[in-house]
>>> print(open('input-v2.cif').read())   # mmCIF, N, CA and C atoms
data_structure
loop_
_atom_site.label_atom_id
_atom_site.label_comp_id
_atom_site.auth_asym_id
_atom_site.auth_seq_id
_atom_site.Cartn_x
_atom_site.Cartn_y
_atom_site.Cartn_z
N MET A 1 63.86 96.01 142.81
CA MET A 1 64.73 94.90 142.53
C MET A 1 66.03 95.07 143.33
N HIS A 2 66.49 94.01 143.91
CA HIS A 2 67.72 94.00 144.67
C HIS A 2 68.90 93.90 143.70
N TRP A 3 70.02 94.52 144.02
CA TRP A 3 71.18 94.52 143.13
C TRP A 3 71.63 93.12 142.78
N SER A 4 71.43 92.14 143.68
CA SER A 4 71.88 90.78 143.40
C SER A 4 71.07 90.12 142.28
N GLU A 5 69.96 90.73 141.91
CA GLU A 5 69.14 90.21 140.82
C GLU A 5 69.37 90.97 139.52
N ALA A 6 70.24 91.95 139.55
CA ALA A 6 70.50 92.77 138.36
C ALA A 6 71.34 92.00 137.34
N HIS A 7 71.16 92.35 136.08
CA HIS A 7 71.92 91.75 134.98
C HIS A 7 72.74 92.83 134.30
N ALA A 8 73.86 92.42 133.70
CA ALA A 8 74.67 93.37 132.94
C ALA A 8 73.87 93.87 131.75
N PRO A 9 74.03 95.14 131.37
CA PRO A 9 73.33 95.66 130.20
C PRO A 9 73.66 94.84 128.96
N SER A 10 72.64 94.59 128.16
CA SER A 10 72.79 93.78 126.95
C SER A 10 73.35 94.61 125.80
N LEU A 11 73.65 93.93 124.70
CA LEU A 11 74.07 94.61 123.47
C LEU A 11 72.99 95.60 123.03
N ASP A 12 71.73 95.16 123.09
CA ASP A 12 70.61 96.04 122.70
C ASP A 12 70.50 97.26 123.61
N HIS A 13 70.73 97.06 124.90
CA HIS A 13 70.66 98.18 125.86
C HIS A 13 71.73 99.22 125.52
N ILE A 14 72.94 98.77 125.24
CA ILE A 14 74.03 99.70 124.89
C ILE A 14 73.68 100.43 123.59
N GLU A 15 73.11 99.72 122.62
CA GLU A 15 72.73 100.36 121.36
C GLU A 15 71.67 101.44 121.59
N ARG A 16 70.69 101.15 122.43
CA ARG A 16 69.65 102.15 122.74
C ARG A 16 70.26 103.37 123.42
N LEU A 17 71.19 103.14 124.34
CA LEU A 17 71.89 104.27 124.99
C LEU A 17 72.63 105.11 123.95
N ALA A 18 73.26 104.44 122.99
CA ALA A 18 74.00 105.16 121.95
C ALA A 18 73.05 106.02 121.11
N ARG A 19 71.91 105.47 120.72
CA ARG A 19 70.94 106.22 119.91
C ARG A 19 70.42 107.44 120.66
N VAL A 20 70.04 107.26 121.92
CA VAL A 20 69.54 108.37 122.73
C VAL A 20 70.63 109.41 122.93
N SER A 21 71.83 108.96 123.25
CA SER A 21 72.95 109.88 123.49
C SER A 21 73.28 110.67 122.23
N PHE A 22 73.28 110.01 121.08
CA PHE A 22 73.57 110.67 119.81
C PHE A 22 72.53 111.76 119.52
N GLU A 23 71.27 111.46 119.72
CA GLU A 23 70.20 112.42 119.45
C GLU A 23 70.28 113.65 120.35
N GLU A 24 70.92 113.51 121.50
CA GLU A 24 71.05 114.63 122.43
C GLU A 24 72.27 115.51 122.15
N LEU A 25 73.12 115.09 121.23
CA LEU A 25 74.30 115.88 120.89
C LEU A 25 73.89 117.11 120.08
N PRO A 26 74.72 118.16 120.08
CA PRO A 26 74.38 119.36 119.31
C PRO A 26 74.18 119.04 117.83
N PRO A 27 73.18 119.65 117.20
CA PRO A 27 72.89 119.37 115.79
C PRO A 27 74.10 119.54 114.87
N ALA A 28 74.90 120.57 115.07
CA ALA A 28 76.06 120.79 114.19
C ALA A 28 77.05 119.63 114.30
N PHE A 29 77.18 119.06 115.46
CA PHE A 29 78.07 117.92 115.65
C PHE A 29 77.49 116.67 115.00
N ARG A 30 76.20 116.45 115.18
CA ARG A 30 75.54 115.28 114.58
C ARG A 30 75.60 115.33 113.06
N GLU A 31 75.60 116.54 112.50
CA GLU A 31 75.62 116.70 111.04
C GLU A 31 76.94 116.30 110.42
N LEU A 32 77.99 116.10 111.23
CA LEU A 32 79.25 115.61 110.68
C LEU A 32 79.07 114.23 110.05
N VAL A 33 78.13 113.50 110.56
CA VAL A 33 77.81 112.18 110.00
C VAL A 33 76.38 112.23 109.49
N ASP A 34 76.17 111.74 108.29
CA ASP A 34 74.80 111.75 107.75
C ASP A 34 74.01 110.68 108.47
N ASP A 35 73.79 109.58 107.83
CA ASP A 35 73.13 108.45 108.48
C ASP A 35 74.18 107.70 109.27
N ILE A 36 73.81 107.23 110.41
CA ILE A 36 74.77 106.52 111.26
C ILE A 36 74.14 105.25 111.78
N ALA A 37 74.95 104.21 111.81
CA ALA A 37 74.51 102.94 112.39
C ALA A 37 75.36 102.68 113.63
N PHE A 38 74.71 102.19 114.65
CA PHE A 38 75.43 101.80 115.86
C PHE A 38 75.44 100.28 115.91
N VAL A 39 76.62 99.74 116.03
CA VAL A 39 76.78 98.29 116.14
C VAL A 39 77.44 98.04 117.48
N VAL A 40 76.90 97.12 118.23
CA VAL A 40 77.47 96.80 119.53
C VAL A 40 77.93 95.35 119.49
N GLU A 41 79.19 95.17 119.83
CA GLU A 41 79.78 93.84 119.90
C GLU A 41 80.37 93.68 121.29
N ASP A 42 80.52 92.45 121.71
CA ASP A 42 81.10 92.23 123.04
C ASP A 42 82.55 92.68 123.09
N LEU A 43 83.34 92.28 122.10
CA LEU A 43 84.78 92.59 122.09
C LEU A 43 85.24 92.81 120.65
N PRO A 44 86.35 93.54 120.46
CA PRO A 44 86.89 93.68 119.11
C PRO A 44 87.40 92.33 118.60
N ASP A 45 87.30 92.12 117.29
CA ASP A 45 87.78 90.87 116.72
C ASP A 45 89.31 90.89 116.57
N GLU A 46 89.88 89.76 116.21
CA GLU A 46 91.34 89.64 116.12
C GLU A 46 91.92 90.58 115.07
N LYS A 47 91.23 90.74 113.94
CA LYS A 47 91.73 91.62 112.88
C LYS A 47 91.81 93.06 113.38
N THR A 48 90.77 93.53 114.05
CA THR A 48 90.76 94.89 114.59
C THR A 48 91.89 95.06 115.59
N MET A 49 92.05 94.08 116.46
CA MET A 49 93.12 94.16 117.46
C MET A 49 94.48 94.23 116.78
N LYS A 50 94.69 93.42 115.77
CA LYS A 50 95.98 93.41 115.06
C LYS A 50 96.18 94.73 114.31
N ASP A 51 95.14 95.18 113.58
CA ASP A 51 95.24 96.42 112.81
C ASP A 51 95.57 97.62 113.70
N LEU A 52 95.04 97.65 114.90
CA LEU A 52 95.26 98.77 115.81
C LEU A 52 96.41 98.54 116.79
N GLY A 53 97.03 97.36 116.74
CA GLY A 53 98.14 97.06 117.64
C GLY A 53 97.75 97.00 119.10
N LEU A 54 96.55 96.48 119.36
CA LEU A 54 96.07 96.40 120.74
C LEU A 54 96.66 95.20 121.46
N GLU A 55 97.00 95.38 122.72
CA GLU A 55 97.50 94.28 123.53
C GLU A 55 96.37 93.50 124.19
N SER A 56 95.26 94.18 124.46
CA SER A 56 94.13 93.55 125.14
C SER A 56 92.85 93.97 124.45
N GLU A 57 91.89 93.08 124.42
CA GLU A 57 90.59 93.43 123.82
C GLU A 57 89.83 94.45 124.67
N PHE A 58 90.32 94.72 125.87
CA PHE A 58 89.69 95.71 126.75
C PHE A 58 90.28 97.11 126.55
N ASP A 59 91.22 97.26 125.60
CA ASP A 59 91.84 98.56 125.34
C ASP A 59 91.01 99.45 124.43
N LEU A 60 89.93 98.94 123.87
CA LEU A 60 89.16 99.70 122.88
C LEU A 60 87.69 99.72 123.28
N LEU A 61 87.15 100.94 123.45
CA LEU A 61 85.74 101.09 123.82
C LEU A 61 84.85 101.26 122.59
N GLY A 62 85.40 101.84 121.53
CA GLY A 62 84.60 102.09 120.34
C GLY A 62 85.49 102.32 119.14
N LEU A 63 84.88 102.26 117.94
CA LEU A 63 85.63 102.43 116.71
C LEU A 63 84.71 103.03 115.65
N PHE A 64 85.21 104.06 114.96
CA PHE A 64 84.46 104.76 113.92
C PHE A 64 84.84 104.19 112.57
N HIS A 65 83.84 103.90 111.74
CA HIS A 65 84.05 103.50 110.35
C HIS A 65 83.24 104.44 109.48
N GLY A 66 83.90 105.13 108.55
CA GLY A 66 83.16 106.02 107.66
C GLY A 66 84.08 106.94 106.92
N SER A 67 83.50 107.70 106.01
CA SER A 67 84.24 108.64 105.18
C SER A 67 84.61 109.89 105.96
N THR A 68 85.75 110.47 105.60
CA THR A 68 86.14 111.76 106.17
C THR A 68 85.33 112.85 105.48
N LEU A 69 85.37 114.07 106.02
CA LEU A 69 84.66 115.17 105.40
C LEU A 69 85.17 115.43 103.99
N ALA A 70 86.48 115.36 103.78
CA ALA A 70 87.05 115.58 102.45
C ALA A 70 86.53 114.54 101.46
N ALA A 71 86.48 113.29 101.87
CA ALA A 71 85.97 112.23 101.00
C ALA A 71 84.49 112.43 100.72
N ARG A 72 83.73 112.89 101.70
CA ARG A 72 82.31 113.14 101.50
C ARG A 72 82.09 114.24 100.47
N ARG A 73 82.90 115.30 100.54
CA ARG A 73 82.75 116.41 99.61
C ARG A 73 83.19 116.02 98.20
N ALA A 74 84.24 115.22 98.10
CA ALA A 74 84.78 114.82 96.80
C ALA A 74 83.90 113.77 96.11
N ASN A 75 83.18 112.99 96.87
CA ASN A 75 82.42 111.88 96.31
C ASN A 75 80.97 111.94 96.77
N ARG A 76 80.26 112.95 96.38
CA ARG A 76 78.89 113.17 96.85
C ARG A 76 77.94 112.04 96.47
N GLY A 77 78.23 111.32 95.38
CA GLY A 77 77.32 110.28 94.94
C GLY A 77 77.36 109.02 95.78
N ARG A 78 78.54 108.55 96.14
CA ARG A 78 78.68 107.31 96.91
C ARG A 78 79.49 107.58 98.16
N VAL A 79 78.83 107.66 99.26
CA VAL A 79 79.50 107.93 100.53
C VAL A 79 79.52 106.64 101.34
N GLU A 80 80.69 106.36 101.89
CA GLU A 80 80.82 105.18 102.75
C GLU A 80 79.88 105.34 103.95
N PRO A 81 79.12 104.29 104.29
CA PRO A 81 78.21 104.42 105.44
C PRO A 81 79.00 104.65 106.73
N THR A 82 78.40 105.40 107.61
CA THR A 82 79.02 105.69 108.89
C THR A 82 78.53 104.69 109.93
N THR A 83 79.48 104.06 110.59
CA THR A 83 79.17 103.09 111.63
C THR A 83 80.07 103.37 112.82
N ILE A 84 79.49 103.35 113.99
CA ILE A 84 80.30 103.37 115.21
C ILE A 84 80.06 102.04 115.90
N VAL A 85 81.16 101.33 116.10
CA VAL A 85 81.09 100.06 116.82
C VAL A 85 81.41 100.36 118.28
N LEU A 86 80.54 99.93 119.15
CA LEU A 86 80.76 100.06 120.59
C LEU A 86 81.05 98.67 121.14
N TYR A 87 82.05 98.56 121.97
CA TYR A 87 82.45 97.28 122.54
C TYR A 87 81.93 97.18 123.97
N ARG A 88 80.91 96.35 124.13
CA ARG A 88 80.17 96.26 125.38
C ARG A 88 81.03 95.88 126.58
N ARG A 89 81.80 94.83 126.49
CA ARG A 89 82.54 94.38 127.67
C ARG A 89 83.60 95.39 128.11
N PRO A 90 84.38 95.98 127.20
CA PRO A 90 85.30 97.03 127.67
C PRO A 90 84.58 98.24 128.26
N ILE A 91 83.40 98.59 127.69
CA ILE A 91 82.63 99.71 128.26
C ILE A 91 82.16 99.35 129.65
N LEU A 92 81.66 98.14 129.84
CA LEU A 92 81.19 97.74 131.16
C LEU A 92 82.35 97.65 132.15
N ASP A 93 83.50 97.21 131.70
CA ASP A 93 84.68 97.15 132.55
C ASP A 93 85.08 98.56 133.01
N TYR A 94 85.07 99.49 132.06
CA TYR A 94 85.38 100.89 132.39
C TYR A 94 84.36 101.44 133.38
N TRP A 95 83.09 101.16 133.13
CA TRP A 95 81.99 101.61 133.99
C TRP A 95 82.18 101.11 135.42
N ALA A 96 82.59 99.85 135.57
CA ALA A 96 82.78 99.26 136.90
C ALA A 96 83.91 99.94 137.67
N GLU A 97 84.86 100.51 136.96
CA GLU A 97 86.04 101.09 137.60
C GLU A 97 85.96 102.60 137.80
N HIS A 98 84.93 103.26 137.27
CA HIS A 98 84.85 104.72 137.35
C HIS A 98 83.49 105.15 137.91
N LYS A 99 83.46 106.37 138.37
CA LYS A 99 82.23 106.90 138.96
C LYS A 99 81.48 107.74 137.94
N GLU A 100 81.16 107.13 136.81
CA GLU A 100 80.38 107.77 135.76
C GLU A 100 79.21 106.87 135.45
N SER A 101 78.14 107.47 134.97
CA SER A 101 77.00 106.65 134.55
C SER A 101 77.34 105.94 133.24
N LEU A 102 76.68 104.84 132.99
CA LEU A 102 76.88 104.12 131.74
C LEU A 102 76.52 105.02 130.56
N ARG A 103 75.47 105.78 130.70
CA ARG A 103 75.05 106.70 129.64
C ARG A 103 76.14 107.73 129.34
N ALA A 104 76.75 108.27 130.38
CA ALA A 104 77.82 109.26 130.20
C ALA A 104 79.03 108.64 129.48
N ILE A 105 79.34 107.41 129.79
CA ILE A 105 80.46 106.74 129.14
C ILE A 105 80.16 106.50 127.67
N VAL A 106 78.98 106.03 127.36
CA VAL A 106 78.60 105.80 125.96
C VAL A 106 78.63 107.12 125.20
N ARG A 107 78.11 108.17 125.79
CA ARG A 107 78.13 109.51 125.16
C ARG A 107 79.56 109.96 124.90
N HIS A 108 80.43 109.76 125.87
CA HIS A 108 81.84 110.12 125.74
C HIS A 108 82.48 109.38 124.57
N VAL A 109 82.21 108.08 124.47
CA VAL A 109 82.78 107.28 123.38
C VAL A 109 82.28 107.81 122.03
N LEU A 110 81.00 108.11 121.91
CA LEU A 110 80.47 108.64 120.66
C LEU A 110 81.14 109.95 120.28
N ILE A 111 81.22 110.87 121.22
CA ILE A 111 81.83 112.18 120.94
C ILE A 111 83.27 112.01 120.49
N HIS A 112 84.00 111.15 121.15
CA HIS A 112 85.41 111.00 120.80
C HIS A 112 85.62 110.22 119.51
N GLU A 113 84.81 109.24 119.23
CA GLU A 113 84.96 108.52 117.97
C GLU A 113 84.65 109.44 116.79
N ILE A 114 83.57 110.20 116.88
CA ILE A 114 83.23 111.13 115.80
C ILE A 114 84.24 112.27 115.75
N GLY A 115 84.54 112.84 116.89
CA GLY A 115 85.46 113.98 116.96
C GLY A 115 86.84 113.68 116.44
N HIS A 116 87.44 112.57 116.87
CA HIS A 116 88.78 112.21 116.39
C HIS A 116 88.77 111.95 114.90
N HIS A 117 87.73 111.29 114.39
CA HIS A 117 87.67 110.98 112.97
C HIS A 117 87.64 112.25 112.12
N PHE A 118 86.95 113.27 112.61
CA PHE A 118 86.82 114.50 111.84
C PHE A 118 87.81 115.57 112.28
N GLY A 119 88.80 115.21 113.09
CA GLY A 119 89.88 116.11 113.43
C GLY A 119 89.55 117.21 114.42
N LEU A 120 88.54 117.01 115.25
CA LEU A 120 88.23 118.02 116.26
C LEU A 120 89.29 118.00 117.36
N SER A 121 89.55 119.14 117.91
CA SER A 121 90.52 119.24 119.00
C SER A 121 89.93 118.64 120.28
N ASP A 122 90.82 118.29 121.20
CA ASP A 122 90.35 117.80 122.49
C ASP A 122 89.50 118.86 123.20
N GLU A 123 89.88 120.13 123.03
CA GLU A 123 89.13 121.22 123.65
C GLU A 123 87.71 121.29 123.08
N ALA A 124 87.58 121.12 121.77
CA ALA A 124 86.25 121.16 121.14
C ALA A 124 85.39 120.00 121.64
N MET A 125 86.00 118.82 121.76
CA MET A 125 85.23 117.67 122.25
C MET A 125 84.85 117.84 123.71
N GLU A 126 85.75 118.42 124.52
CA GLU A 126 85.43 118.68 125.92
C GLU A 126 84.27 119.67 126.03
N ALA A 127 84.25 120.67 125.15
CA ALA A 127 83.16 121.65 125.17
C ALA A 127 81.83 120.98 124.82
N ILE A 128 81.84 120.07 123.85
CA ILE A 128 80.63 119.36 123.49
C ILE A 128 80.16 118.50 124.67
N GLU A 129 81.11 117.82 125.30
CA GLU A 129 80.74 116.99 126.46
C GLU A 129 80.17 117.83 127.60
N ALA A 130 80.69 119.04 127.75
CA ALA A 130 80.22 119.91 128.82
C ALA A 130 78.93 120.64 128.45
N GLY A 131 78.48 120.45 127.21
CA GLY A 131 77.26 121.11 126.78
C GLY A 131 77.44 122.55 126.40
N GLU A 132 78.67 122.94 126.06
CA GLU A 132 78.97 124.33 125.73
C GLU A 132 78.86 124.61 124.24
N GLU A 133 78.68 123.61 123.43
CA GLU A 133 78.61 123.79 121.98
C GLU A 133 77.18 123.78 121.53
#
>>> encode(input="input-v2.cif", output="structure tokens")
Amino acid sequence: MHWSEAHAPSLDHIERLARVSFEELPPAFRELVDDIAFVVEDLPDEKTMKDLGLESEFDLLGLFHGSTLAARRANRGRVEPTTIVLYRRPILDYWAEHKESLRAIVRHVLIHEIGHHFGLSDEAMEAIEAGEE
């Protein structure tokens, strides 16, 4: 297929990349979240933009929704479901401007959304990305 016939990756394509990328992460890291749902949207909604003080809908590649480890331990019976929302158009925009594969970008977003939510250091997340964990 010639590049002029190529199409931008769909919402479903990004979701499949997220599932594959998540399964390839170290087991100890994946265990920070029990069940996880990946939701892919084109852009963040107005409420999300306002809540996070974003100037542009292209400023956010992903967003984690779920309980912290402390909340999980304190409330073993009812745990808030874990969801990572990936924003397709900002991810594709980032992909167009950088020399990284789309898969690597999606993996990076997953690691950082999970890592920041659970308080991992930048060094720990870099080690996971480098495959050292």
>>> resolve_selection(input="input-v2.cif", expression="the PyMOL selection byres ((chain A and resi 62) around 7)", output="compact mmCIF listing (two decimals) with N, CA and C atoms, in the frame of the given file")
# COMPACT_ATOMS: atom_id res chain seq x y z
N ASP A 59 91.22 97.26 125.60
CA ASP A 59 91.84 98.56 125.34
C ASP A 59 91.01 99.45 124.43
N LEU A 60 89.93 98.94 123.87
CA LEU A 60 89.16 99.70 122.88
C LEU A 60 87.69 99.72 123.28
N LEU A 61 87.15 100.94 123.45
CA LEU A 61 85.74 101.09 123.82
C LEU A 61 84.85 101.26 122.59
N LEU A 63 84.88 102.26 117.94
CA LEU A 63 85.63 102.43 116.71
C LEU A 63 84.71 103.03 115.65
N PHE A 64 85.21 104.06 114.96
CA PHE A 64 84.46 104.76 113.92
C PHE A 64 84.84 104.19 112.57
N ILE A 84 79.49 103.35 113.99
CA ILE A 84 80.30 103.37 115.21
C ILE A 84 80.06 102.04 115.90
N VAL A 85 81.16 101.33 116.10
CA VAL A 85 81.09 100.06 116.82
C VAL A 85 81.41 100.36 118.28
N LEU A 86 80.54 99.93 119.15
CA LEU A 86 80.76 100.06 120.59
C LEU A 86 81.05 98.67 121.14
N TYR A 87 82.05 98.56 121.97
CA TYR A 87 82.45 97.28 122.54
C TYR A 87 81.93 97.18 123.97
N VAL A 109 82.21 108.08 124.47
CA VAL A 109 82.78 107.28 123.38
C VAL A 109 82.28 107.81 122.03
N GLU A 113 84.81 109.24 119.23
CA GLU A 113 84.96 108.52 117.97
C GLU A 113 84.65 109.44 116.79
>>> select_by_dssp(input="input-v2.cif", residues="region 28-120 of chain A", states="strand (DSSP E)", output="PyMOL selection string")
chain A and resi 36-41+62-65+82-87
>>> closest_residue(input="input-v2.cif", among="A:Ile105, A:Glu100, A:Ser10, A:Leu32", to="Leu120 (chain A)", atoms="only C-alpha atoms")
A:Leu32
>>> atom_distance(input="input-v2.cif", atom1="atom N of Pro26 (chain A)", atom2="atom C of Pro44 (chain A)")
28.8 Å
>>> atom_distance(input="input-v2.cif", atom1="atom C of Arg30 (chain A)", atom2="atom C of Asp12 (chain A)")
21.5 Å
>>> closest_residue(input="input-v2.cif", among="A:Phe29, A:Asp34, A:Glu55, A:Arg19", to="Met125 (chain A)", atoms="only C-alpha atoms")
A:Phe29
>>> resolve_selection(input="input-v2.cif", expression="the PyMOL selection byres ((chain A and resi 83) around 7)", output="count of residues only")
14
>>> select_by_dssp(input="input-v2.cif", residues="region 35-123 of chain A", states="alpha helix (DSSP H)", output="PyMOL selection string")
chain A and resi 46-52+69-74+88-97+102-117+122-123
>>> write_last_selection(input="input-v2.cif", atoms="N, CA and C atoms", output="short mmCIF file (atom, residue, chain, number, x, y, z; two decimals), in the coordinates of the input")
data_model
loop_
_atom_site.label_atom_id
_atom_site.label_comp_id
_atom_site.auth_asym_id
_atom_site.auth_seq_id
_atom_site.Cartn_x
_atom_site.Cartn_y
_atom_site.Cartn_z
N GLU A 46 89.88 89.76 116.21
CA GLU A 46 91.34 89.64 116.12
C GLU A 46 91.92 90.58 115.07
N LYS A 47 91.23 90.74 113.94
CA LYS A 47 91.73 91.62 112.88
C LYS A 47 91.81 93.06 113.38
N THR A 48 90.77 93.53 114.05
CA THR A 48 90.76 94.89 114.59
C THR A 48 91.89 95.06 115.59
N MET A 49 92.05 94.08 116.46
CA MET A 49 93.12 94.16 117.46
C MET A 49 94.48 94.23 116.78
N LYS A 50 94.69 93.42 115.77
CA LYS A 50 95.98 93.41 115.06
C LYS A 50 96.18 94.73 114.31
N ASP A 51 95.14 95.18 113.58
CA ASP A 51 95.24 96.42 112.81
C ASP A 51 95.57 97.62 113.70
N LEU A 52 95.04 97.65 114.90
CA LEU A 52 95.26 98.77 115.81
C LEU A 52 96.41 98.54 116.79
N LEU A 69 85.37 114.07 106.02
CA LEU A 69 84.66 115.17 105.40
C LEU A 69 85.17 115.43 103.99
N ALA A 70 86.48 115.36 103.78
CA ALA A 70 87.05 115.58 102.45
C ALA A 70 86.53 114.54 101.46
N ALA A 71 86.48 113.29 101.87
CA ALA A 71 85.97 112.23 101.00
C ALA A 71 84.49 112.43 100.72
N ARG A 72 83.73 112.89 101.70
CA ARG A 72 82.31 113.14 101.50
C ARG A 72 82.09 114.24 100.47
N ARG A 73 82.90 115.30 100.54
CA ARG A 73 82.75 116.41 99.61
C ARG A 73 83.19 116.02 98.20
N ALA A 74 84.24 115.22 98.10
CA ALA A 74 84.78 114.82 96.80
C ALA A 74 83.90 113.77 96.11
N ARG A 88 80.91 96.35 124.13
CA ARG A 88 80.17 96.26 125.38
C ARG A 88 81.03 95.88 126.58
N ARG A 89 81.80 94.83 126.49
CA ARG A 89 82.54 94.38 127.67
C ARG A 89 83.60 95.39 128.11
N PRO A 90 84.38 95.98 127.20
CA PRO A 90 85.30 97.03 127.67
C PRO A 90 84.58 98.24 128.26
N ILE A 91 83.40 98.59 127.69
CA ILE A 91 82.63 99.71 128.26
C ILE A 91 82.16 99.35 129.65
N LEU A 92 81.66 98.14 129.84
CA LEU A 92 81.19 97.74 131.16
C LEU A 92 82.35 97.65 132.15
N ASP A 93 83.50 97.21 131.70
CA ASP A 93 84.68 97.15 132.55
C ASP A 93 85.08 98.56 133.01
N TYR A 94 85.07 99.49 132.06
CA TYR A 94 85.38 100.89 132.39
C TYR A 94 84.36 101.44 133.38
N TRP A 95 83.09 101.16 133.13
CA TRP A 95 81.99 101.61 133.99
C TRP A 95 82.18 101.11 135.42
N ALA A 96 82.59 99.85 135.57
CA ALA A 96 82.78 99.26 136.90
C ALA A 96 83.91 99.94 137.67
N GLU A 97 84.86 100.51 136.96
CA GLU A 97 86.04 101.09 137.60
C GLU A 97 85.96 102.60 137.80
N LEU A 102 76.68 104.84 132.99
CA LEU A 102 76.88 104.12 131.74
C LEU A 102 76.52 105.02 130.56
N ARG A 103 75.47 105.78 130.70
CA ARG A 103 75.05 106.70 129.64
C ARG A 103 76.14 107.73 129.34
N ALA A 104 76.75 108.27 130.38
CA ALA A 104 77.82 109.26 130.20
C ALA A 104 79.03 108.64 129.48
N ILE A 105 79.34 107.41 129.79
CA ILE A 105 80.46 106.74 129.14
C ILE A 105 80.16 106.50 127.67
N VAL A 106 78.98 106.03 127.36
CA VAL A 106 78.60 105.80 125.96
C VAL A 106 78.63 107.12 125.20
N ARG A 107 78.11 108.17 125.79
CA ARG A 107 78.13 109.51 125.16
C ARG A 107 79.56 109.96 124.90
N HIS A 108 80.43 109.76 125.87
CA HIS A 108 81.84 110.12 125.74
C HIS A 108 82.48 109.38 124.57
N VAL A 109 82.21 108.08 124.47
CA VAL A 109 82.78 107.28 123.38
C VAL A 109 82.28 107.81 122.03
N LEU A 110 81.00 108.11 121.91
CA LEU A 110 80.47 108.64 120.66
C LEU A 110 81.14 109.95 120.28
N ILE A 111 81.22 110.87 121.22
CA ILE A 111 81.83 112.18 120.94
C ILE A 111 83.27 112.01 120.49
N HIS A 112 84.00 111.15 121.15
CA HIS A 112 85.41 111.00 120.80
C HIS A 112 85.62 110.22 119.51
N GLU A 113 84.81 109.24 119.23
CA GLU A 113 84.96 108.52 117.97
C GLU A 113 84.65 109.44 116.79
N ILE A 114 83.57 110.20 116.88
CA ILE A 114 83.23 111.13 115.80
C ILE A 114 84.24 112.27 115.75
N GLY A 115 84.54 112.84 116.89
CA GLY A 115 85.46 113.98 116.96
C GLY A 115 86.84 113.68 116.44
N HIS A 116 87.44 112.57 116.87
CA HIS A 116 88.78 112.21 116.39
C HIS A 116 88.77 111.95 114.90
N HIS A 117 87.73 111.29 114.39
CA HIS A 117 87.67 110.98 112.97
C HIS A 117 87.64 112.25 112.12
N ASP A 122 90.82 118.29 121.20
CA ASP A 122 90.35 117.80 122.49
C ASP A 122 89.50 118.86 123.20
N GLU A 123 89.88 120.13 123.03
CA GLU A 123 89.13 121.22 123.65
C GLU A 123 87.71 121.29 123.08
#
>>> atom_distance(input="input-v2.cif", atom1="CA of Gly131 (chain A)", atom2="CA of His112 (chain A)")
14.3 Å
>>> closest_residue(input="input-v2.cif", among="A:Leu43, A:Glu31, A:Leu102, A:Leu54", to="Ile114 (chain A)", atoms="only C-alpha atoms")
A:Glu31
>>> axis_aligned_box(input="input-v2.cif", around="region 115-120 of chain A", padding_each_side="4 Å", output="AutoDock Vina command-line options")
--center_x 87.2 --center_y 114.5 --center_z 114.6 --size_x 13.3 --size_y 15.0 --size_z 13.5
>>> residues_near_point(input="input-v2.cif", point="(80.3, 93.6, 124.0)", cutoff="7 Å", atoms="only C-alpha atoms", output="PyMOL selection string")
chain A and resi 11+40-43+87-89
>>> closest_residue(input="input-v2.cif", among="A:Val33, A:Ala96, A:Leu110, A:Ala8", to="Val20 (chain A)", atoms="only C-alpha atoms")
A:Leu110
